[in-house]
Amino acid sequence: MSETRIGVYVCECGINISATVDVQAVAEKVSTVPGVVVARVYKYMCAKPGQQMIQEDIRSLGLNRIVVAACSPRMHETTFQQALAEAGLNPYYLQMANIREHVSWMTDDRRLATEKAKRLVRAAVFRVGHQAALEPRRAAVRKAALVVGGGVAGIQAALSIAEAGYPVYLVERQPSIGGRMAQLDKTFPTLDCSLCILGPKMVEVGRHPKITLLTYSEVENLSGFVGNFQVRVRKRARSVDEQKCTGCGLCQEKCPTTVLDTAYEAGMGRRKAIYRPFAQAIPNIPVIDREHCHFFTKGRCRVCQKVCPTGAVDFEQQDQFLDLDVGAIVVAAGYSLWDPRQLAQYSYGLSPNILTGLQLERLISAGGPTGGQIVTSEGRTPQRVAILHCVGSRDVHAKPYCSRICCMYALKHAHQIREKTGAEVYEFYIDMRAFGKGYEEFYERVQQEGVIFVRGRGAEVQVQPDGRLRVQGEDANLGRLVCVDVDMVILASAMEPPADTDRLAGLFRLGRTPDGWLAEAHPKLRPSETATAGIFLAGCCQGPRDIPDTVSHADAAAMHVVRLFNQGEIAIAPTVAQVEEEKCVGCGECVLACPYSAISRNLRGKAEVNPALCQGCGTCAAACPSHAIHSLHFTDEQMVAQIDGLLEEFVSYSSSQNQGTPK
């Protein structure tokens with residue numbers, strides 16, 4: 001075995017590291033470790049001159065191991081691995097020490113930070129000498145995509161991928177695509193008719209030759225890996241034959257059963273037991289609600305079947321399971337609206353005149369239950385309306401984050417109420433967050449229209465004995481409490497992750513943020529990617545967004561998919577688990593422990609790892625009672641060496657501080 005020749009490179013990261021860590025002292029200290037040939041400090045190691053410095057030292061000094069002490073390896077490990085590869089050195093002869101996130105950003109104490117940095121870099125040096133050369137495998141990519149969610153994000157992602165020439169399966173759990181945007185009357189700040197701008201895209205999705213539309217469907221199971229996913233989709237029974245149905249609507253017209261529409265109409269209108277969610281639905285095919293259909297609940301009726309001119313109604317229809325092979329997945333699951341019942345002070349549910357913003361959208365919409373007329377539950381035009389911002393948002397008792405869209409849709413509602421009814425409108429707000437293009441101008445327009453703005457949270461809504469509503473809140477500008485009697489209250493409720501986000505996260509192996517949203521790979525540099533290669537995020541499932549940002553985010557996710565397909569093949573990381581078969585007793589503990597279903601028993605009853613599925617998490621190695629599994633690039637030898645390097649420096653430092661014999 002050749003002599004280990006290590007180069008150590010300590011980054012100042014501008015002043016991110018050097019302001020807290022004495023980087024020169026770190027380099028001097030580590031230069032005394034056996035095997036270290038050179039230790040240098042540079043202002044920006046990730047910049048091209050920094051990489052060239054490493055490459056030149058590899059060539060001129062014969063370095064065969066590299067340690068970079070800088071920021072998180074999640075940021076730049078691939079950057080430095082590529083630099084090593086270009087210099088002819090195996091990329092896995094690199095070890096990074098994170099002295100930014102783990103040191104300089106953790107303390108203001110320069111002495112402690114410098115000592116910790118010394119220990120971390122020394123540990124990396126001890127470890128790198130035991131690292132082995134690894135080579136990635138390559139696999140072909142299946143050039144078809146799955147898009148989960150048929151809102152505006154899913155629609156945009158599907159169209160962008162399809163327009164690039166690749167097949168797309170678009171899965172939507174509702175009977176029609178369109179999502180939340182299809183429920184809106186107009187969009188801010190331009191006041192475009194929502195369905196007028198969304199409708200053409202929905203139609204394009206429905207007829208695009210590269211898009212297979214799977215509505216009333218859900219993803220049941222996922223296996224495989226980037227470039228080669230196997231997906232099982234449950235296509236729920238509509239009880240209507242999609243090939244025979246012409247969308248004439250006669251079945252819906254004649255159905256005798258009417259139920260409250262809690263989905264599309266947000267509880268503000270009613271629909272039939274056989275229904276299309278809305279007139280512009282894509283596909284324009286009804287579905288039977290089996291929970292309310294008299295045939296399924298009582299065994300009688302069949303009116304829809306009798307009047308259908310094409311015989312499309314099929315009560316015997318069963319759920320179907322479709323197995324799809326795709327190379328990449330875009331998750332565009334959208335969002336839910338927070339239920340104001342969770343905070344009693346808003347009295348939501350105690351009066352039909354206390355509405356959420358979405359419920360008002362359905363009242364305002366020309367296709368809504370009142371034909372666009374804003375009326376109270378008594379049928380009267382309201383004379384006074386209060387709109388409360390941040391209901392559930394920016395609240396430690398509900399959602400601590402800002403939902404971003406609430407200020408603007410509340411301003412839009414104020415404009416529409418003034419325009420349609422002439423009512424006095426009071427807006428209770430904390431701060432006005434008009435952050436987007438044309439948003440501040442729209443805010444100024446609404447002010448000029450006579451809307452009364454009260455800077456302070458609407459603290460309480462009381463239902464009076466006569467049914468009128470009283471809003472109590474704070475006027476921060478006047479420094480006193482205010483009270484307003486109104487006919488209608490609109491609650492600008494928060495956005496929150498979809499109710500089934502737990503299931504989605506588990507199914508697609510995705511992380512979640514503390515707020516519950518699906519987690520991106522990096523909040524700034526990789527906002528559309530996830531920690532699971534080949535799976536991307538689009539729209540509000542990753543966090544609150546308005547429509548323009550959602551469309552941009554979806555396009556970004558689609559371009560990641562197109563880029564992957566254009567490459568034609570993918571490199572599979574070699575940092576996977578490996579079984580020593582002679583030690584394996586076939587107990588199966590690793591099979592149960594593996595979160596990626598990457599381990600199975602072979603014909604000899606021994607554990608066998610599928611390297612294409614393995615993500616190198618190490619769970620199997622920790623679970624194996626026979627110590628028959630080890631993770632490449634994270635072997636016991638490497639880990640012990642790293643710990644030795646860390647503790648030796650720690651013992652030396654503790655000894656000098658305590659002036660005694662270290663234990």
# chains A, B, ... in the order shown; residues from 1 in each chain; ligands from 1

call {"tool": "residues_around", "arguments": {"residues": "segment 72-76 of chain A", "least_positions_apart": "5", "cutoff": "10 Å", "atoms": "only C-alpha atoms", "output": "PDB file with C-alpha atoms, in the first residue's frame"}}
result
ATOM      1  CA  MET A  45     -12.150  27.155  -1.169  1.00  0.00           C
ATOM      2  CA  CYS A  46     -15.263  26.416  -3.240  1.00  0.00           C
ATOM      3  CA  GLN A  81     -15.357  15.510  -5.348  1.00  0.00           C
ATOM      4  CA  GLN A  82     -15.505  16.761  -8.923  1.00  0.00           C
ATOM      5  CA  GLN A  95     -13.387  14.048   3.634  1.00  0.00           C
ATOM      6  CA  MET A  96     -15.043  17.295   4.687  1.00  0.00           C
ATOM      7  CA  ALA A  97     -15.071  18.841   8.158  1.00  0.00           C
ATOM      8  CA  ASN A  98     -18.018  21.145   8.732  1.00  0.00           C
ATOM      9  CA  ILE A  99     -16.565  24.082  10.662  1.00  0.00           C
ATOM     10  CA  ARG A 100     -19.225  26.599   9.607  1.00  0.00           C
ATOM     11  CA  GLU A 101     -22.641  25.177  10.610  1.00  0.00           C
ATOM     12  CA  HIS A 102     -21.095  23.027  13.358  1.00  0.00           C
ATOM     13  CA  ALA A 521     -33.148  19.356  -0.340  1.00  0.00           C
ATOM     14  CA  HIS A 522     -31.903  22.891   0.324  1.00  0.00           C
ATOM     15  CA  LEU A 525     -30.053  26.222  -3.772  1.00  0.00           C
ATOM     16  CA  ARG A 526     -32.323  23.196  -4.287  1.00  0.00           C
TER      17      ARG A 526
END

call {"tool": "residues_around", "arguments": {"residues": "Val576 of chain A", "least_positions_apart": "2", "cutoff": "9 Å", "atoms": "only C-alpha atoms", "output": "PyMOL selection string"}}
result
chain A and resi 573-574+578+609-612+614-618+630-633

call {"tool": "closest_atom_pairs", "arguments": {"of": "segment 119-201 of chain A", "to": "segment 225-242 of chain A", "cutoff": "9 Å", "atoms": "only C-alpha atoms", "output": "JSON lines"}}
result
{"residue": "A:Ala139", "atom": "CA", "partner": "A:Gly227", "partner_atom": "CA", "distance": 7.6}
{"residue": "A:Ala140", "atom": "CA", "partner": "A:Gly227", "partner_atom": "CA", "distance": 6.8}
{"residue": "A:Val141", "atom": "CA", "partner": "A:Gly227", "partner_atom": "CA", "distance": 4.2}
{"residue": "A:Arg142", "atom": "CA", "partner": "A:Gly227", "partner_atom": "CA", "distance": 5.5}
{"residue": "A:Lys143", "atom": "CA", "partner": "A:Gly227", "partner_atom": "CA", "distance": 7.8}
{"residue": "A:Leu146", "atom": "CA", "partner": "A:Val231", "partner_atom": "CA", "distance": 8.7}
{"residue": "A:Val171", "atom": "CA", "partner": "A:Val233", "partner_atom": "CA", "distance": 8.2}
{"residue": "A:Arg173", "atom": "CA", "partner": "A:Arg236", "partner_atom": "CA", "distance": 8.8}
{"residue": "A:Pro175", "atom": "CA", "partner": "A:Arg238", "partner_atom": "CA", "distance": 8.3}

call {"tool": "write_last_selection", "arguments": {"atoms": "N, CA, C and O atoms", "output": "PDB file, in the first residue's frame"}}
result
ATOM      1  N   ALA A 139     -27.123   3.460 -14.480  1.00  0.00           N
ATOM      2  CA  ALA A 139     -28.349   2.745 -14.848  1.00  0.00           C
ATOM      3  C   ALA A 139     -29.151   3.600 -15.814  1.00  0.00           C
ATOM      4  O   ALA A 139     -29.123   4.834 -15.756  1.00  0.00           O
ATOM      5  N   ALA A 140     -29.863   2.929 -16.712  1.00  0.00           N
ATOM      6  CA  ALA A 140     -30.700   3.636 -17.681  1.00  0.00           C
ATOM      7  C   ALA A 140     -31.905   4.255 -16.984  1.00  0.00           C
ATOM      8  O   ALA A 140     -32.364   3.774 -15.944  1.00  0.00           O
ATOM      9  N   VAL A 141     -32.424   5.340 -17.561  1.00  0.00           N
ATOM     10  CA  VAL A 141     -33.575   6.061 -17.013  1.00  0.00           C
ATOM     11  C   VAL A 141     -34.814   5.747 -17.845  1.00  0.00           C
ATOM     12  O   VAL A 141     -34.770   5.812 -19.080  1.00  0.00           O
ATOM     13  N   ARG A 142     -35.904   5.412 -17.149  1.00  0.00           N
ATOM     14  CA  ARG A 142     -37.184   5.263 -17.843  1.00  0.00           C
ATOM     15  C   ARG A 142     -37.753   6.651 -18.100  1.00  0.00           C
ATOM     16  O   ARG A 142     -38.022   7.399 -17.158  1.00  0.00           O
ATOM     17  N   LYS A 143     -37.950   6.961 -19.346  1.00  0.00           N
ATOM     18  CA  LYS A 143     -38.298   8.330 -19.714  1.00  0.00           C
ATOM     19  C   LYS A 143     -39.805   8.561 -19.703  1.00  0.00           C
ATOM     20  O   LYS A 143     -40.429   8.847 -20.725  1.00  0.00           O
ATOM     21  N   LEU A 146     -44.232  10.763 -13.400  1.00  0.00           N
ATOM     22  CA  LEU A 146     -45.473  10.751 -12.628  1.00  0.00           C
ATOM     23  C   LEU A 146     -45.611  12.099 -11.946  1.00  0.00           C
ATOM     24  O   LEU A 146     -44.670  12.568 -11.298  1.00  0.00           O
ATOM     25  N   VAL A 171     -51.797  12.146 -11.755  1.00  0.00           N
ATOM     26  CA  VAL A 171     -52.707  11.497 -10.813  1.00  0.00           C
ATOM     27  C   VAL A 171     -53.338  12.551  -9.912  1.00  0.00           C
ATOM     28  O   VAL A 171     -52.633  13.327  -9.263  1.00  0.00           O
ATOM     29  N   ARG A 173     -56.572  13.001  -6.983  1.00  0.00           N
ATOM     30  CA  ARG A 173     -57.516  12.254  -6.151  1.00  0.00           C
ATOM     31  C   ARG A 173     -58.961  12.709  -6.333  1.00  0.00           C
ATOM     32  O   ARG A 173     -59.887  11.947  -6.079  1.00  0.00           O
ATOM     33  N   PRO A 175     -62.350  14.121  -8.617  1.00  0.00           N
ATOM     34  CA  PRO A 175     -62.880  13.713  -9.927  1.00  0.00           C
ATOM     35  C   PRO A 175     -62.405  14.586 -11.082  1.00  0.00           C
ATOM     36  O   PRO A 175     -62.516  14.189 -12.236  1.00  0.00           O
TER      37      PRO A 175
END

call {"tool": "atom_distance", "arguments": {"atom1": "atom CA of Val307 of chain A", "atom2": "atom CA of Gln280 of chain A"}}
result
22.2 Å

call {"tool": "residues_around", "arguments": {"residues": "segment 356-371 of chain A", "least_positions_apart": "5", "cutoff": "10 Å", "atoms": "only C-alpha atoms", "output": "NGL selection string"}}
result
:A and (180 or 183-186 or 193-194 or 264-271 or 278-279 or 337-340 or 348 or 376 or 379 or 387-388 or 391 or 406 or 409-410 or 413 or 416-417 or 420 or 489-494)

call {"tool": "residues_around", "arguments": {"residues": "segment 109-126 of chain A", "least_positions_apart": "6", "cutoff": "6 Å", "atoms": "only C-alpha atoms", "output": "ChimeraX atom specification"}}
result
/A:20-22,26,97,99,103,641-642,645-646,649

call {"tool": "residues_around", "arguments": {"residues": "Asn602 of chain A", "least_positions_apart": "3", "cutoff": "12 Å", "atoms": "only C-alpha atoms", "output": "PDB file with N, CA and C atoms, in the first residue's frame"}}
result
ATOM      1  N   VAL A 579     -23.012  -6.883   2.363  1.00  0.00           N
ATOM      2  CA  VAL A 579     -23.188  -8.023   3.272  1.00  0.00           C
ATOM      3  C   VAL A 579     -21.980  -8.956   3.178  1.00  0.00           C
ATOM      4  N   GLU A 581     -21.446 -12.426   3.543  1.00  0.00           N
ATOM      5  CA  GLU A 581     -22.384 -13.545   3.578  1.00  0.00           C
ATOM      6  C   GLU A 581     -21.972 -14.629   4.576  1.00  0.00           C
ATOM      7  N   CYS A 584     -23.435 -13.764   7.856  1.00  0.00           N
ATOM      8  CA  CYS A 584     -24.892 -13.603   7.925  1.00  0.00           C
ATOM      9  C   CYS A 584     -25.557 -14.903   8.378  1.00  0.00           C
ATOM     10  N   GLY A 586     -28.969 -15.050   8.453  1.00  0.00           N
ATOM     11  CA  GLY A 586     -30.287 -15.073   7.824  1.00  0.00           C
ATOM     12  C   GLY A 586     -31.439 -14.767   8.755  1.00  0.00           C
ATOM     13  N   GLY A 588     -32.983 -11.935   9.238  1.00  0.00           N
ATOM     14  CA  GLY A 588     -33.971 -11.047   8.626  1.00  0.00           C
ATOM     15  C   GLY A 588     -34.161  -9.716   9.324  1.00  0.00           C
ATOM     16  N   VAL A 591     -33.768  -6.899   6.910  1.00  0.00           N
ATOM     17  CA  VAL A 591     -34.892  -6.783   5.975  1.00  0.00           C
ATOM     18  C   VAL A 591     -35.997  -5.938   6.605  1.00  0.00           C
ATOM     19  N   ILE A 599     -33.266  -4.641   0.930  1.00  0.00           N
ATOM     20  CA  ILE A 599     -32.642  -5.899   1.348  1.00  0.00           C
ATOM     21  C   ILE A 599     -33.657  -7.028   1.266  1.00  0.00           C
ATOM     22  N   GLY A 605     -30.817 -18.059   1.741  1.00  0.00           N
ATOM     23  CA  GLY A 605     -31.364 -17.544   2.986  1.00  0.00           C
ATOM     24  C   GLY A 605     -30.556 -16.415   3.589  1.00  0.00           C
ATOM     25  N   LYS A 606     -29.574 -15.923   2.853  1.00  0.00           N
ATOM     26  CA  LYS A 606     -28.719 -14.852   3.351  1.00  0.00           C
ATOM     27  C   LYS A 606     -29.239 -13.490   2.871  1.00  0.00           C
ATOM     28  N   ALA A 607     -28.864 -12.454   3.627  1.00  0.00           N
ATOM     29  CA  ALA A 607     -29.274 -11.107   3.250  1.00  0.00           C
ATOM     30  C   ALA A 607     -28.550 -10.677   1.977  1.00  0.00           C
ATOM     31  N   GLU A 608     -29.276  -9.965   1.126  1.00  0.00           N
ATOM     32  CA  GLU A 608     -28.708  -9.481  -0.127  1.00  0.00           C
ATOM     33  C   GLU A 608     -29.201  -8.057  -0.352  1.00  0.00           C
ATOM     34  N   VAL A 609     -28.285  -7.152  -0.683  1.00  0.00           N
ATOM     35  CA  VAL A 609     -28.617  -5.734  -0.846  1.00  0.00           C
ATOM     36  C   VAL A 609     -28.761  -5.399  -2.324  1.00  0.00           C
ATOM     37  N   ASN A 610     -29.859  -4.730  -2.654  1.00  0.00           N
ATOM     38  CA  ASN A 610     -30.021  -4.189  -3.999  1.00  0.00           C
ATOM     39  C   ASN A 610     -29.387  -2.800  -3.994  1.00  0.00           C
TER      40      ASN A 610
END

call {"tool": "residues_around", "arguments": {"residues": "Phe428 of chain A", "least_positions_apart": "4", "cutoff": "9 Å", "atoms": "only C-alpha atoms", "output": "list in words"}}
result
Ala386, Ile387, Leu388, His389, Ile452, Phe453, Val454, Arg455, Gly456, Arg457, Gly458, Gly473, Glu474 and Asp475 of chain A

call {"tool": "atom_distance", "arguments": {"atom1": "atom CA of Asp395 of chain A", "atom2": "atom CA of Leu350 of chain A"}}
result
21.9 Å

call {"tool": "select_by_dssp", "arguments": {"residues": "segment 119-332 of chain A", "states": "alpha helix (DSSP H)", "output": "PyMOL selection string"}}
result
chain A and resi 119-128+152-163+194-207+250-254+294-298+303-307

call {"tool": "closest_residue", "arguments": {"among": "A:Leu411, A:Val425, A:Val461, A:Ile17", "to": "Phe442 of chain A", "atoms": "only C-alpha atoms"}}
result
A:Leu411

call {"tool": "residues_around", "arguments": {"residues": "Thr212 of chain A", "least_positions_apart": "6", "cutoff": "7 Å", "atoms": "only C-alpha atoms", "output": "ChimeraX atom specification"}}
result
/A:168-170

call {"tool": "select_by_dssp", "arguments": {"residues": "segment 108-303 of chain A", "states": "strand (DSSP E or B)", "output": "ChimeraX atom specification"}}
result
/A:137-140,145-148,168-172,186-187,192-193,211-215,217-225,228-235,240,258-261,269-272,274-275,287-288

call {"tool": "write_last_selection", "arguments": {"atoms": "C-alpha atoms", "output": "mmCIF file, in the first residue's frame"}}
result
data_model
loop_
_atom_site.group_PDB
_atom_site.id
_atom_site.type_symbol
_atom_site.label_atom_id
_atom_site.label_comp_id
_atom_site.auth_asym_id
_atom_site.auth_seq_id
_atom_site.Cartn_x
_atom_site.Cartn_y
_atom_site.Cartn_z
ATOM 1 C CA ARG A 137 -22.697 2.410 -11.084
ATOM 2 C CA ARG A 138 -24.774 3.664 -13.969
ATOM 3 C CA ALA A 139 -28.349 2.745 -14.848
ATOM 4 C CA ALA A 140 -30.700 3.636 -17.681
ATOM 5 C CA ALA A 145 -42.853 10.935 -15.357
ATOM 6 C CA LEU A 146 -45.473 10.751 -12.628
ATOM 7 C CA VAL A 147 -47.066 13.988 -11.396
ATOM 8 C CA VAL A 148 -49.047 13.671 -8.164
ATOM 9 C CA VAL A 168 -46.576 11.969 -18.141
ATOM 10 C CA TYR A 169 -49.041 10.264 -15.807
ATOM 11 C CA LEU A 170 -51.017 12.923 -13.921
ATOM 12 C CA VAL A 171 -52.707 11.497 -10.813
ATOM 13 C CA GLU A 172 -55.408 13.530 -9.048
ATOM 14 C CA LYS A 186 -60.692 36.100 -9.529
ATOM 15 C CA THR A 187 -56.961 36.240 -8.918
ATOM 16 C CA ASP A 192 -58.364 37.921 -13.909
ATOM 17 C CA CYS A 193 -61.204 35.404 -13.932
ATOM 18 C CA ILE A 211 -50.389 13.089 -20.803
ATOM 19 C CA THR A 212 -52.369 10.214 -19.310
ATOM 20 C CA LEU A 213 -54.911 11.739 -16.955
ATOM 21 C CA LEU A 214 -55.798 9.596 -13.936
ATOM 22 C CA THR A 215 -58.424 11.463 -11.897
ATOM 23 C CA SER A 217 -57.078 8.116 -8.292
ATOM 24 C CA GLU A 218 -54.373 7.816 -5.656
ATOM 25 C CA VAL A 219 -50.858 6.443 -5.468
ATOM 26 C CA GLU A 220 -50.962 3.295 -3.328
ATOM 27 C CA ASN A 221 -47.378 2.080 -3.393
ATOM 28 C CA LEU A 222 -43.925 3.105 -4.562
ATOM 29 C CA SER A 223 -40.738 1.116 -5.008
ATOM 30 C CA GLY A 224 -37.558 1.494 -7.012
ATOM 31 C CA PHE A 225 -35.091 4.324 -7.301
ATOM 32 C CA ASN A 228 -36.533 3.327 -12.276
ATOM 33 C CA PHE A 229 -39.579 3.778 -10.034
ATOM 34 C CA GLN A 230 -42.448 1.307 -9.898
ATOM 35 C CA VAL A 231 -45.733 2.943 -8.905
ATOM 36 C CA ARG A 232 -49.092 1.351 -8.140
ATOM 37 C CA VAL A 233 -52.095 3.639 -8.610
ATOM 38 C CA ARG A 234 -55.607 2.902 -7.390
ATOM 39 C CA LYS A 235 -58.143 4.246 -9.871
ATOM 40 C CA VAL A 240 -69.551 5.742 -14.895
ATOM 41 C CA THR A 258 -79.123 16.366 -3.184
ATOM 42 C CA VAL A 259 -76.320 16.658 -0.619
ATOM 43 C CA LEU A 260 -74.171 19.436 0.831
ATOM 44 C CA ASP A 261 -71.078 20.052 -1.291
ATOM 45 C CA GLY A 269 -73.906 24.966 -1.970
ATOM 46 C CA ARG A 270 -75.377 21.582 -2.780
ATOM 47 C CA ARG A 271 -74.821 18.939 -5.446
ATOM 48 C CA LYS A 272 -76.411 15.694 -6.644
ATOM 49 C CA ILE A 274 -74.066 11.810 -9.245
ATOM 50 C CA TYR A 275 -72.155 14.943 -10.129
ATOM 51 C CA VAL A 287 -68.909 10.375 -10.607
ATOM 52 C CA ILE A 288 -71.349 8.676 -8.264
#

call {"tool": "atom_distance", "arguments": {"atom1": "atom CA of Gly539 of chain A", "atom2": "atom CA of Ile329 of chain A"}}
result
13.8 Å

call {"tool": "closest_residue", "arguments": {"among": "A:Gly129, A:Pro256, A:Pro209, A:Gly543", "to": "Arg302 of chain A", "atoms": "only C-alpha atoms"}}
result
A:Pro256

call {"tool": "closest_residue", "arguments": {"among": "A:Cys196, A:Cys624, A:Ala164, A:Cys590", "to": "Val561 of chain A", "atoms": "only C-alpha atoms"}}
result
A:Ala164
